[in-house]
Amino acid sequence: MFRTDSRWWGSCALALCLIVASTQAQAQLRVEVTGVGSNQLPIAVARFQVEGQAPQEVDEIIRADLVRSGVFRLVDTGNTPVAESARVDLNDWKTKGADAVVVGSVSRLADGRFDVRFRLYDAVKQQQIDGLSYVSSVAELRLNSHRIADRIYEKLTGVRGVFATRIAYVVQLGKTSFELQIADADGANAQTALRSREPIMSPSWAPDGVRLAYVSFETAKPVVYIHTLTTGERKAIANFRGSNSAPAWSPDGKVLAVALTRDGPTSIYTMNADGSGLKRLTNSGAIDTEPHFAADGKAIYFTSDRGGGPQIYRMDLGGGNVQRVTFNGDYNVTPRLSPDGRTLVYVARRSGKFQVQALDLGSGQEVALTDTVLDESPSFAPNGRLLLYATEVNGRGVLASASTDARVRTRLTGPNGDVREPTWGPFIK
Amino acid sequence: MNHRTKMQHLFIATAAIALLAGCASTPLDESKTAPVADKSAPAAPMPPPAPDTRAVQRVETAPQPVDPLSDPNSTLAKRSVFFEFDRFDVRSEFQPLVEAHGRYLASAKQRHIVIEGNADERGSREYNLALGQKRADAVKSRLTLLGATDGQIETISYGEERPRANGHDEASWAQNRRADIVYK
């Protein structure tokens with residue numbers, strides 16, 4: 001990924017973009033911050049002291065992560081590296097406008113690994129609030145940079161960071177070329193998990209962060225697979241007569257909800273993650289699809305057109321106690337519940353625009369989170385602060401993110417192809 | 001001299017006529033004298049004419065029975081039913097098309113079709129998959145009302161995954177909100 005540090009935007013952005021495009025074989029997503037929050041915390045992340053050639057610029061990755069969250073504003077630190085062990089003049093940093101200061105070192109060890117150290121200071125209270133050392137293989141350097149950013153984020157906001165998590169999405173590269181890709185949360189380090197000549201849809205992370213369920217048309221009809229990323233092992237878990245789609249995991253990873261047409265109209269079923277114990281939950285005669293488990297695992301939200309047009313409903317795990325949840329407008333689809341269970345987001349059609357809306361389930365207040373008009377597939381970051389979704393810009397499918405307070409927006413664009421169907425992976429221990 | 005010449009000419013002409021006559025005539029059987037013809041008696045029957053080996057009789061092939069399915073002018077050549085946004089009811093303008101296929105399938109029970117439902121790109125992919133299925137099912141139910149049997153028709157949905165038109169405007173979307181009848 002390239003730096004989102006403000007100094008680099010402008011004329012260098014294009015040059016860097018070209019370098020990225022020409023040197024990286026992997027389809028890499030590019031992050032662009034399109035909106036910023038108002039109450040940003042000013043933070044200075046000084047250049048890390050580097051001994052020995054490190055393949056990743058740790059401090060740059062940290063800076064880009066913090067900026068992308070929308071919570072921080074970078075204070076200019078110049079080009080002079082400040083080692084983790086250096087005595088830091090916090091008053092000086094305070095004068096430069098920084099409320100928090102990060103310094104660090106990266107040094108190559110005799111065995112080829114790297115010792116990455118950082119310290120985080122509160123310039124207002126004039127004290128250190130964190131400091132840690134990671135011994136990293138070359139391959140782990142990027143991940144550990146994200147972990148440092150996560151610690152900084154959590155220490156300063158009280159909320160767990162999501163920079164070390166991963167995302168999955170589908171890229172269409174040609175009429176008969178589809179890929180399921182896995183990337184770091186910043187879009188970097190993209191890897192192809194599945195390549196197919198037929199469409200791939202609705203990837204959904206298992207809570208273990210290692211398996212994905214998705215819909216593949218590779219046998220000329222929609223079939224739900226469970227795919228283990230580490231081994232490439234795949235199993236067709238729902239392959240009944242008709243259409244099999246919309247997989248959703250229960251929070252404990254033991255149950256999968258799916259939408260099937262095996263008994264008639266599209267209806268919601270649950271099954272055990274090994275494919276056993278199929279149970280029908282809805283039988284409305286209308287479309288019932290897009291099941292999504294509440295964080296406590298006790299309710300399922302879903303889309304149904306039983307009332308005439310598509311709206312969001314909720315039911316108990318057994319299929320009973322069905323309640324309509326959305327009432328604004330005539331088209332509300334793809335329910336996704338925030339991890340704390342307080343906010344429901346979905347794609348709504350309002351005045352011809354398809355936008356992600358957030359509904360406060362306590363107050364009933366609805367807020368549009370995006371400024372795009374062909375939104376699809378919203379997916380919460382596991383800390384509930386950011387939302388990833390698919391949309392269209394200049395006729396191309398792109399991924400975008402928005403903060404749940406609607407203040408910060410970013411865009412992730414691939415070098416080619418239509419990017420779609422994003423799903424944000426879980427926290428990994 | 002002039003007279004002699006005339007005589008010579010006459011002789012040559014006579015000889016030529018005699019020669020020509022000899023060539024054209026059938027030799028007579030001189031042992032039989034032709035009976036004095038009784039002009040009232042019927043003539044002897046003529047021998048049948050030899051078969052004409054050079055005749056060319058014109059023949060035209062009979063038209064093969066045409067499969068109405070391959071007739072580009074038949075209503076059956078139309079195989080796509082188009083829908084309104086978020087709707088799955090078959091509009092009246094597509095009634096003739098649906099009727100033609102329904103009657104054909106009722107008359108040709110050996111034929112099988114797949115109805116492929118599709119949706120435009122807007123909104124949710126999963127909802128569009130279900131919507132495409134409902135469109136395909138709506139066409140199927142019309143066909144079975146017209147005499148096609150359940151076993152002849154399979155329905156499937158591609159949702160918004162296989163657009164016919166790739167634009168991002170109403171003209172393209174209208175093309176993509178459709179159910180296609182595909183004969184196997």
# chains A, B, ... in the order shown; residues from 1 in each chain; ligands from 1
>>> residues_around(residues="A:Asp405", least_positions_apart="3", cutoff="9 Å", atoms="only C-alpha atoms", output="list in words")
Gly37, Val367, Leu369, Arg385, Leu386, Ala402 and Val408 of chain A
>>> select_by_dssp(residues="stretch 33-184 of chain A", states="strand (DSSP E)", output="number ranges by chain")
A: 33-35, 41-45, 49-51, 72-74, 100-108, 114-122, 127-136, 166-174, 177-184
>>> closest_atom_pairs(of="chain B", to="chain A", cutoff="12 Å", atoms="only C-alpha atoms", output="CSV")
residue,atom,partner,partner_atom,distance
B:Phe85,CA,A:Gly309,CA,10.9
B:Asp86,CA,A:Gly309,CA,7.7
B:Arg87,CA,A:Gly309,CA,9.0
B:Phe88,CA,A:Gly309,CA,11.4
B:Val114,CA,A:Gly242,CA,11.8
B:Glu116,CA,A:Lys221,CA,10.5
B:Gly117,CA,A:Ser243,CA,11.6
B:Asp120,CA,A:Leu374,CA,11.6
B:Glu121,CA,A:Leu374,CA,8.6
B:Arg122,CA,A:Leu374,CA,6.4
B:Gly123,CA,A:Glu376,CA,6.3
B:Ser124,CA,A:Glu376,CA,5.8
B:Arg125,CA,A:Glu376,CA,7.7
B:Glu126,CA,A:Ala246,CA,6.3
B:Tyr127,CA,A:Thr289,CA,6.7
B:Asn128,CA,A:Thr289,CA,10.1
B:Leu129,CA,A:Ser245,CA,8.5
B:Ala130,CA,A:Thr266,CA,6.1
B:Leu131,CA,A:Ile287,CA,7.6
B:Gly132,CA,A:Thr266,CA,10.6
B:Gln133,CA,A:Thr266,CA,8.1
B:Lys134,CA,A:Pro265,CA,7.4
B:Arg135,CA,A:Pro265,CA,11.1
B:Ala136,CA,A:Pro265,CA,11.2
B:Asp137,CA,A:Pro265,CA,8.8
B:Ala138,CA,A:Pro265,CA,11.1
B:Glu154,CA,A:Gly242,CA,8.8
B:Thr155,CA,A:Gly242,CA,7.7
B:Ile156,CA,A:Gly242,CA,6.7
B:Ser157,CA,A:Ser243,CA,7.4
B:Tyr158,CA,A:Lys221,CA,7.8
B:Gly159,CA,A:Pro222,CA,10.0
B:Glu160,CA,A:Pro199,CA,10.0
B:Glu161,CA,A:Pro199,CA,6.4
B:Arg162,CA,A:Pro199,CA,8.2
B:Pro163,CA,A:Lys175,CA,10.0
B:Arg164,CA,A:Lys175,CA,11.0
B:Asn166,CA,A:Gly395,CA,9.3
B:Gly167,CA,A:Gly395,CA,7.7
B:His168,CA,A:Gly395,CA,6.6
B:Asp169,CA,A:Gly395,CA,9.9
B:Glu170,CA,A:Gly352,CA,11.3
>>> write_last_selection(atoms="N, CA and C atoms", output="CSV table (one decimal), in the first residue's frame")
chain,number,residue,atom,x,y,z
B,85,PHE,N,-39.0,-3.0,-12.5
B,85,PHE,CA,-38.1,-3.0,-11.4
B,85,PHE,C,-38.8,-3.6,-10.2
B,86,ASP,N,-38.2,-4.6,-9.5
B,86,ASP,CA,-38.7,-5.3,-8.3
B,86,ASP,C,-40.1,-5.9,-8.6
B,87,ARG,N,-40.4,-6.2,-9.8
B,87,ARG,CA,-41.7,-6.9,-10.1
B,87,ARG,C,-41.4,-8.2,-10.8
B,88,PHE,N,-42.4,-9.1,-10.7
B,88,PHE,CA,-42.3,-10.4,-11.3
B,88,PHE,C,-43.5,-10.9,-12.0
B,114,VAL,N,-35.4,-24.6,-20.0
B,114,VAL,CA,-35.0,-24.0,-18.8
B,114,VAL,C,-35.4,-22.6,-18.8
B,116,GLU,N,-34.5,-19.1,-17.4
B,116,GLU,CA,-33.4,-18.4,-16.6
B,116,GLU,C,-33.9,-17.0,-16.2
B,117,GLY,N,-34.1,-16.8,-14.9
B,117,GLY,CA,-34.5,-15.5,-14.4
B,117,GLY,C,-33.3,-14.6,-14.1
B,120,ASP,N,-31.8,-6.7,-12.7
B,120,ASP,CA,-30.8,-5.6,-13.0
B,120,ASP,C,-29.8,-5.5,-11.7
B,121,GLU,N,-28.8,-4.7,-11.9
B,121,GLU,CA,-27.7,-4.7,-10.9
B,121,GLU,C,-28.0,-4.0,-9.6
B,122,ARG,N,-29.1,-3.3,-9.6
B,122,ARG,CA,-29.4,-2.4,-8.4
B,122,ARG,C,-29.9,-3.3,-7.2
B,123,GLY,N,-29.6,-2.9,-6.1
B,123,GLY,CA,-30.0,-3.5,-4.9
B,123,GLY,C,-29.2,-4.8,-4.6
B,124,SER,N,-29.7,-5.6,-3.7
B,124,SER,CA,-28.9,-6.7,-3.2
B,124,SER,C,-28.8,-7.9,-4.1
B,125,ARG,N,-27.6,-8.5,-4.2
B,125,ARG,CA,-27.4,-9.6,-5.1
B,125,ARG,C,-28.2,-10.8,-4.7
B,126,GLU,N,-28.3,-11.0,-3.4
B,126,GLU,CA,-29.1,-12.2,-2.9
B,126,GLU,C,-30.6,-11.9,-3.2
B,127,TYR,N,-31.1,-10.7,-2.9
B,127,TYR,CA,-32.5,-10.5,-3.2
B,127,TYR,C,-32.8,-10.6,-4.7
B,128,ASN,N,-31.8,-10.1,-5.5
B,128,ASN,CA,-32.0,-10.2,-6.9
B,128,ASN,C,-31.9,-11.7,-7.4
B,129,LEU,N,-31.2,-12.5,-6.7
B,129,LEU,CA,-31.2,-13.9,-7.1
B,129,LEU,C,-32.5,-14.5,-6.8
B,130,ALA,N,-33.1,-14.2,-5.7
B,130,ALA,CA,-34.5,-14.7,-5.4
B,130,ALA,C,-35.5,-14.1,-6.3
B,131,LEU,N,-35.3,-12.8,-6.7
B,131,LEU,CA,-36.3,-12.1,-7.6
B,131,LEU,C,-36.2,-12.8,-9.0
B,132,GLY,N,-35.0,-13.1,-9.4
B,132,GLY,CA,-34.8,-13.7,-10.7
B,132,GLY,C,-35.5,-15.1,-10.7
B,133,GLN,N,-35.4,-15.8,-9.6
B,133,GLN,CA,-36.1,-17.1,-9.5
B,133,GLN,C,-37.6,-16.9,-9.5
B,134,LYS,N,-38.1,-15.8,-8.9
B,134,LYS,CA,-39.6,-15.6,-8.9
B,134,LYS,C,-40.1,-15.2,-10.3
B,135,ARG,N,-39.2,-14.5,-11.1
B,135,ARG,CA,-39.6,-14.2,-12.4
B,135,ARG,C,-39.6,-15.5,-13.3
B,136,ALA,N,-38.6,-16.3,-13.1
B,136,ALA,CA,-38.6,-17.6,-13.9
B,136,ALA,C,-39.9,-18.4,-13.5
B,137,ASP,N,-40.1,-18.5,-12.2
B,137,ASP,CA,-41.3,-19.3,-11.7
B,137,ASP,C,-42.6,-18.7,-12.2
B,138,ALA,N,-42.7,-17.4,-12.4
B,138,ALA,CA,-43.9,-16.7,-12.9
B,138,ALA,C,-44.2,-17.1,-14.3
B,154,GLU,N,-37.7,-26.4,-16.2
B,154,GLU,CA,-36.8,-26.2,-15.1
B,154,GLU,C,-36.6,-24.7,-14.9
B,155,THR,N,-36.6,-24.2,-13.7
B,155,THR,CA,-36.4,-22.8,-13.5
B,155,THR,C,-35.1,-22.6,-12.8
B,156,ILE,N,-34.4,-21.5,-13.1
B,156,ILE,CA,-33.1,-21.2,-12.5
B,156,ILE,C,-33.0,-19.7,-12.5
B,157,SER,N,-32.2,-19.2,-11.5
B,157,SER,CA,-31.9,-17.7,-11.5
B,157,SER,C,-30.5,-17.5,-11.5
B,158,TYR,N,-30.1,-16.4,-12.3
B,158,TYR,CA,-28.7,-15.9,-12.2
B,158,TYR,C,-28.7,-14.6,-11.5
B,159,GLY,N,-29.8,-14.1,-11.0
B,159,GLY,CA,-29.8,-12.9,-10.3
B,159,GLY,C,-29.3,-11.8,-11.2
B,160,GLU,N,-28.3,-11.0,-10.6
B,160,GLU,CA,-27.7,-9.9,-11.4
B,160,GLU,C,-26.4,-10.3,-12.0
B,161,GLU,N,-26.1,-11.6,-11.9
B,161,GLU,CA,-24.7,-12.1,-12.2
B,161,GLU,C,-24.4,-12.2,-13.7
B,162,ARG,N,-25.4,-12.3,-14.5
B,162,ARG,CA,-25.1,-12.4,-15.9
B,162,ARG,C,-25.9,-11.4,-16.7
B,163,PRO,N,-25.5,-10.1,-16.6
B,163,PRO,CA,-26.2,-9.1,-17.3
B,163,PRO,C,-26.1,-9.3,-18.9
B,164,ARG,N,-27.2,-9.0,-19.6
B,164,ARG,CA,-27.1,-9.0,-21.1
B,164,ARG,C,-26.5,-7.6,-21.5
B,166,ASN,N,-24.4,-4.2,-20.3
B,166,ASN,CA,-23.4,-3.9,-19.3
B,166,ASN,C,-23.5,-2.4,-18.8
B,167,GLY,N,-24.3,-1.6,-19.4
B,167,GLY,CA,-24.4,-0.2,-19.0
B,167,GLY,C,-25.0,-0.1,-17.6
B,168,HIS,N,-25.0,1.2,-17.1
B,168,HIS,CA,-25.5,1.5,-15.8
B,168,HIS,C,-26.6,2.5,-15.9
B,169,ASP,N,-27.5,2.3,-16.8
B,169,ASP,CA,-28.6,3.2,-17.0
B,169,ASP,C,-29.9,2.4,-17.2
B,170,GLU,N,-31.0,3.1,-17.3
B,170,GLU,CA,-32.3,2.4,-17.4
B,170,GLU,C,-32.4,1.5,-18.6
>>> residues_around(residues="B:Asp150", least_positions_apart="3", cutoff="10 Å", atoms="only C-alpha atoms", output="VMD selection string")
chain B and resid 112 140 to 141 143 to 144 147 153 to 154
>>> write_last_selection(atoms="N, CA, C and O atoms", output="short mmCIF file (atom, residue, chain, number, x, y, z; two decimals), in the first residue's frame")
data_model
loop_
_atom_site.label_atom_id
_atom_site.label_comp_id
_atom_site.auth_asym_id
_atom_site.auth_seq_id
_atom_site.Cartn_x
_atom_site.Cartn_y
_atom_site.Cartn_z
N HIS B 112 -37.97 -29.95 -23.72
CA HIS B 112 -37.74 -29.46 -22.37
C HIS B 112 -37.11 -28.07 -22.43
O HIS B 112 -36.33 -27.79 -23.33
N LYS B 140 -43.01 -19.86 -15.69
CA LYS B 140 -43.33 -21.30 -15.66
C LYS B 140 -44.80 -21.53 -15.35
O LYS B 140 -45.47 -22.35 -16.00
N SER B 141 -45.32 -20.81 -14.37
CA SER B 141 -46.71 -21.08 -13.99
C SER B 141 -47.66 -20.72 -15.13
O SER B 141 -48.67 -21.39 -15.35
N LEU B 143 -46.91 -21.02 -18.31
CA LEU B 143 -46.76 -22.08 -19.33
C LEU B 143 -47.52 -23.33 -18.92
O LEU B 143 -48.14 -24.00 -19.77
N THR B 144 -47.49 -23.66 -17.64
CA THR B 144 -48.19 -24.88 -17.21
C THR B 144 -49.70 -24.68 -17.30
O THR B 144 -50.43 -25.63 -17.57
N GLY B 147 -50.82 -25.80 -20.61
CA GLY B 147 -50.74 -27.21 -20.99
C GLY B 147 -49.35 -27.81 -20.94
O GLY B 147 -49.19 -29.02 -21.10
N ILE B 153 -40.27 -28.28 -17.61
CA ILE B 153 -39.74 -26.94 -17.33
C ILE B 153 -38.89 -26.94 -16.06
O ILE B 153 -39.33 -27.36 -15.00
N GLU B 154 -37.67 -26.44 -16.21
CA GLU B 154 -36.82 -26.23 -15.05
C GLU B 154 -36.63 -24.72 -14.93
O GLU B 154 -36.50 -24.03 -15.95
#
>>> atom_distance(atom1="atom CA of A:Val325", atom2="atom CA of A:Tyr313")
5.1 Å
>>> atom_distance(atom1="atom CA of A:Ala299", atom2="atom CA of A:Arg324")
13.0 Å
>>> residues_around(residues="stretch 134-136 of chain A", least_positions_apart="5", cutoff="10 Å", atoms="only C-alpha atoms", output="PDB file with N, CA, C and O atoms, in the first residue's frame")
ATOM      1  N   VAL A 106      13.332  -0.367  14.207  1.00  0.00           N
ATOM      2  CA  VAL A 106      13.279  -1.674  13.555  1.00  0.00           C
ATOM      3  C   VAL A 106      14.722  -2.121  13.385  1.00  0.00           C
ATOM      4  O   VAL A 106      15.499  -1.441  12.703  1.00  0.00           O
ATOM      5  N   SER A 107      15.126  -3.217  14.030  1.00  0.00           N
ATOM      6  CA  SER A 107      16.500  -3.668  13.831  1.00  0.00           C
ATOM      7  C   SER A 107      16.564  -5.149  13.468  1.00  0.00           C
ATOM      8  O   SER A 107      15.832  -5.974  14.020  1.00  0.00           O
ATOM      9  N   ARG A 108      17.446  -5.401  12.527  1.00  0.00           N
ATOM     10  CA  ARG A 108      17.590  -6.747  12.012  1.00  0.00           C
ATOM     11  C   ARG A 108      18.389  -7.584  13.008  1.00  0.00           C
ATOM     12  O   ARG A 108      19.446  -7.175  13.477  1.00  0.00           O
ATOM     13  N   LEU A 109      17.870  -8.768  13.333  1.00  0.00           N
ATOM     14  CA  LEU A 109      18.554  -9.674  14.248  1.00  0.00           C
ATOM     15  C   LEU A 109      19.476 -10.594  13.460  1.00  0.00           C
ATOM     16  O   LEU A 109      19.368 -10.716  12.233  1.00  0.00           O
ATOM     17  N   GLY A 112      17.996 -13.064  10.990  1.00  0.00           N
ATOM     18  CA  GLY A 112      17.250 -12.572   9.830  1.00  0.00           C
ATOM     19  C   GLY A 112      15.899 -11.981  10.198  1.00  0.00           C
ATOM     20  O   GLY A 112      15.249 -11.343   9.378  1.00  0.00           O
ATOM     21  N   ARG A 113      15.463 -12.227  11.447  1.00  0.00           N
ATOM     22  CA  ARG A 113      14.195 -11.625  11.853  1.00  0.00           C
ATOM     23  C   ARG A 113      14.412 -10.178  12.257  1.00  0.00           C
ATOM     24  O   ARG A 113      15.548  -9.695  12.298  1.00  0.00           O
ATOM     25  N   PHE A 114      13.334  -9.501  12.542  1.00  0.00           N
ATOM     26  CA  PHE A 114      13.438  -8.093  12.910  1.00  0.00           C
ATOM     27  C   PHE A 114      12.835  -7.868  14.296  1.00  0.00           C
ATOM     28  O   PHE A 114      11.819  -8.468  14.647  1.00  0.00           O
ATOM     29  N   ASP A 115      13.507  -7.014  15.054  1.00  0.00           N
ATOM     30  CA  ASP A 115      12.963  -6.603  16.347  1.00  0.00           C
ATOM     31  C   ASP A 115      12.293  -5.247  16.129  1.00  0.00           C
ATOM     32  O   ASP A 115      12.955  -4.275  15.783  1.00  0.00           O
ATOM     33  N   VAL A 116      10.977  -5.224  16.279  1.00  0.00           N
ATOM     34  CA  VAL A 116      10.233  -3.980  16.085  1.00  0.00           C
ATOM     35  C   VAL A 116       9.785  -3.482  17.445  1.00  0.00           C
ATOM     36  O   VAL A 116       9.090  -4.195  18.173  1.00  0.00           O
ATOM     37  N   ARG A 117      10.209  -2.281  17.802  1.00  0.00           N
ATOM     38  CA  ARG A 117       9.837  -1.714  19.110  1.00  0.00           C
ATOM     39  C   ARG A 117       9.163  -0.356  18.912  1.00  0.00           C
ATOM     40  O   ARG A 117       9.541   0.386  18.007  1.00  0.00           O
ATOM     41  N   PHE A 118       8.214  -0.086  19.781  1.00  0.00           N
ATOM     42  CA  PHE A 118       7.614   1.255  19.701  1.00  0.00           C
ATOM     43  C   PHE A 118       7.251   1.721  21.106  1.00  0.00           C
ATOM     44  O   PHE A 118       7.108   0.924  22.037  1.00  0.00           O
ATOM     45  N   LEU A 141       6.161  -8.808   9.232  1.00  0.00           N
ATOM     46  CA  LEU A 141       6.414  -7.385   9.500  1.00  0.00           C
ATOM     47  C   LEU A 141       5.182  -6.518   9.282  1.00  0.00           C
ATOM     48  O   LEU A 141       4.864  -5.649  10.094  1.00  0.00           O
ATOM     49  N   ARG A 142       4.488  -6.772   8.173  1.00  0.00           N
ATOM     50  CA  ARG A 142       3.302  -5.972   7.872  1.00  0.00           C
ATOM     51  C   ARG A 142       2.208  -6.201   8.918  1.00  0.00           C
ATOM     52  O   ARG A 142       1.611  -5.244   9.424  1.00  0.00           O
ATOM     53  N   LEU A 143       2.004  -7.486   9.253  1.00  0.00           N
ATOM     54  CA  LEU A 143       0.986  -7.810  10.246  1.00  0.00           C
ATOM     55  C   LEU A 143       1.313  -7.146  11.592  1.00  0.00           C
ATOM     56  O   LEU A 143       0.439  -6.580  12.250  1.00  0.00           O
ATOM     57  N   ASN A 144       2.585  -7.198  11.982  1.00  0.00           N
ATOM     58  CA  ASN A 144       2.959  -6.602  13.269  1.00  0.00           C
ATOM     59  C   ASN A 144       2.854  -5.076  13.239  1.00  0.00           C
ATOM     60  O   ASN A 144       2.577  -4.460  14.263  1.00  0.00           O
ATOM     61  N   SER A 145       3.049  -4.471  12.075  1.00  0.00           N
ATOM     62  CA  SER A 145       2.836  -3.024  11.954  1.00  0.00           C
ATOM     63  C   SER A 145       1.367  -2.703  12.221  1.00  0.00           C
ATOM     64  O   SER A 145       1.041  -1.752  12.934  1.00  0.00           O
ATOM     65  N   ARG A 147      -0.587  -4.528  13.998  1.00  0.00           N
ATOM     66  CA  ARG A 147      -0.843  -4.784  15.432  1.00  0.00           C
ATOM     67  C   ARG A 147      -0.444  -3.591  16.288  1.00  0.00           C
ATOM     68  O   ARG A 147      -1.103  -3.264  17.282  1.00  0.00           O
ATOM     69  N   ILE A 148       0.675  -2.942  15.928  1.00  0.00           N
ATOM     70  CA  ILE A 148       1.091  -1.740  16.672  1.00  0.00           C
ATOM     71  C   ILE A 148       0.034  -0.651  16.504  1.00  0.00           C
ATOM     72  O   ILE A 148      -0.375   0.004  17.473  1.00  0.00           O
TER      73      ILE A 148
END
>>> select_by_dssp(residues="stretch 126-308 of chain A", states="helix (DSSP H, G or I)", output="list in words")
Val138, Ala139, Glu140, Leu141, Arg142, Leu143, Asn144, Ser145, His146, Arg147, Ile148, Ala149, Asp150, Arg151, Ile152, Tyr153, Glu154, Lys155, Leu156 and Thr157 of chain A
>>> closest_residue(among="B:Asn73, B:Asp67, B:Glu84, B:Arg79", to="B:Ser107", atoms="only C-alpha atoms")
B:Asp67
>>> residues_around(residues="B:Leu105", least_positions_apart="2", cutoff="8 Å", atoms="only C-alpha atoms", output="PyMOL selection string")
chain B and resi 101-103+107-109+111-112+147-149+152
>>> closest_residue(among="A:Ser276, A:Val258, A:Gly341, A:Leu90", to="A:Lys298", atoms="only C-alpha atoms")
A:Gly341
>>> atom_distance(atom1="atom CA of A:Leu281", atom2="atom CA of A:Ala295")
18.7 Å
>>> closest_residue(among="A:Thr372, A:Ser216, A:Thr404, A:Asn91", to="A:Ser338", atoms="only C-alpha atoms")
A:Thr404
>>> residues_around(residues="A:Val101", least_positions_apart="6", cutoff="12 Å", atoms="only C-alpha atoms", output="ChimeraX atom specification")
/A:41-47,63,72-77,82,84,88-94,118-131,152,156
>>> decode(residues="stretch 163-175 of chain B", atoms="N, CA, C and O atoms", output="short mmCIF file (atom, residue, chain, number, x, y, z; two decimals), in the first residue's frame")
data_model
loop_
_atom_site.label_atom_id
_atom_site.label_comp_id
_atom_site.auth_asym_id
_atom_site.auth_seq_id
_atom_site.Cartn_x
_atom_site.Cartn_y
_atom_site.Cartn_z
N PRO B 163 -25.50 -10.13 -16.64
CA PRO B 163 -26.23 -9.09 -17.35
C PRO B 163 -26.09 -9.26 -18.86
O PRO B 163 -25.03 -9.63 -19.35
N ARG B 164 -27.17 -8.97 -19.60
CA ARG B 164 -27.10 -8.97 -21.07
C ARG B 164 -26.50 -7.64 -21.53
O ARG B 164 -25.70 -7.59 -22.44
N ALA B 165 -26.92 -6.56 -20.87
CA ALA B 165 -26.38 -5.23 -21.19
C ALA B 165 -25.53 -4.77 -20.01
O ALA B 165 -25.91 -4.95 -18.86
N ASN B 166 -24.38 -4.19 -20.31
CA ASN B 166 -23.42 -3.86 -19.25
C ASN B 166 -23.46 -2.40 -18.81
O ASN B 166 -22.68 -2.00 -17.95
N GLY B 167 -24.35 -1.63 -19.39
CA GLY B 167 -24.41 -0.22 -19.00
C GLY B 167 -25.02 -0.05 -17.61
O GLY B 167 -25.51 -0.99 -17.00
N HIS B 168 -24.96 1.18 -17.12
CA HIS B 168 -25.49 1.47 -15.79
C HIS B 168 -26.60 2.50 -15.91
O HIS B 168 -26.60 3.54 -15.24
N ASP B 169 -27.52 2.26 -16.83
CA ASP B 169 -28.63 3.18 -17.03
C ASP B 169 -29.92 2.37 -17.24
O ASP B 169 -29.87 1.15 -17.36
N GLU B 170 -31.05 3.08 -17.31
CA GLU B 170 -32.33 2.40 -17.38
C GLU B 170 -32.42 1.50 -18.62
O GLU B 170 -33.01 0.42 -18.57
N ALA B 171 -31.84 1.94 -19.74
CA ALA B 171 -31.92 1.13 -20.97
C ALA B 171 -31.26 -0.24 -20.74
O ALA B 171 -31.79 -1.27 -21.15
N SER B 172 -30.12 -0.24 -20.08
CA SER B 172 -29.44 -1.50 -19.80
C SER B 172 -30.19 -2.31 -18.75
O SER B 172 -30.37 -3.52 -18.88
N TRP B 173 -30.62 -1.60 -17.70
CA TRP B 173 -31.32 -2.31 -16.63
C TRP B 173 -32.57 -3.01 -17.16
O TRP B 173 -32.87 -4.14 -16.77
N ALA B 174 -33.30 -2.32 -18.07
CA ALA B 174 -34.52 -2.90 -18.62
C ALA B 174 -34.21 -4.20 -19.38
O ALA B 174 -34.98 -5.16 -19.33
N GLN B 175 -33.06 -4.22 -20.07
CA GLN B 175 -32.64 -5.43 -20.79
C GLN B 175 -32.35 -6.58 -19.82
O GLN B 175 -32.50 -7.75 -20.16
#
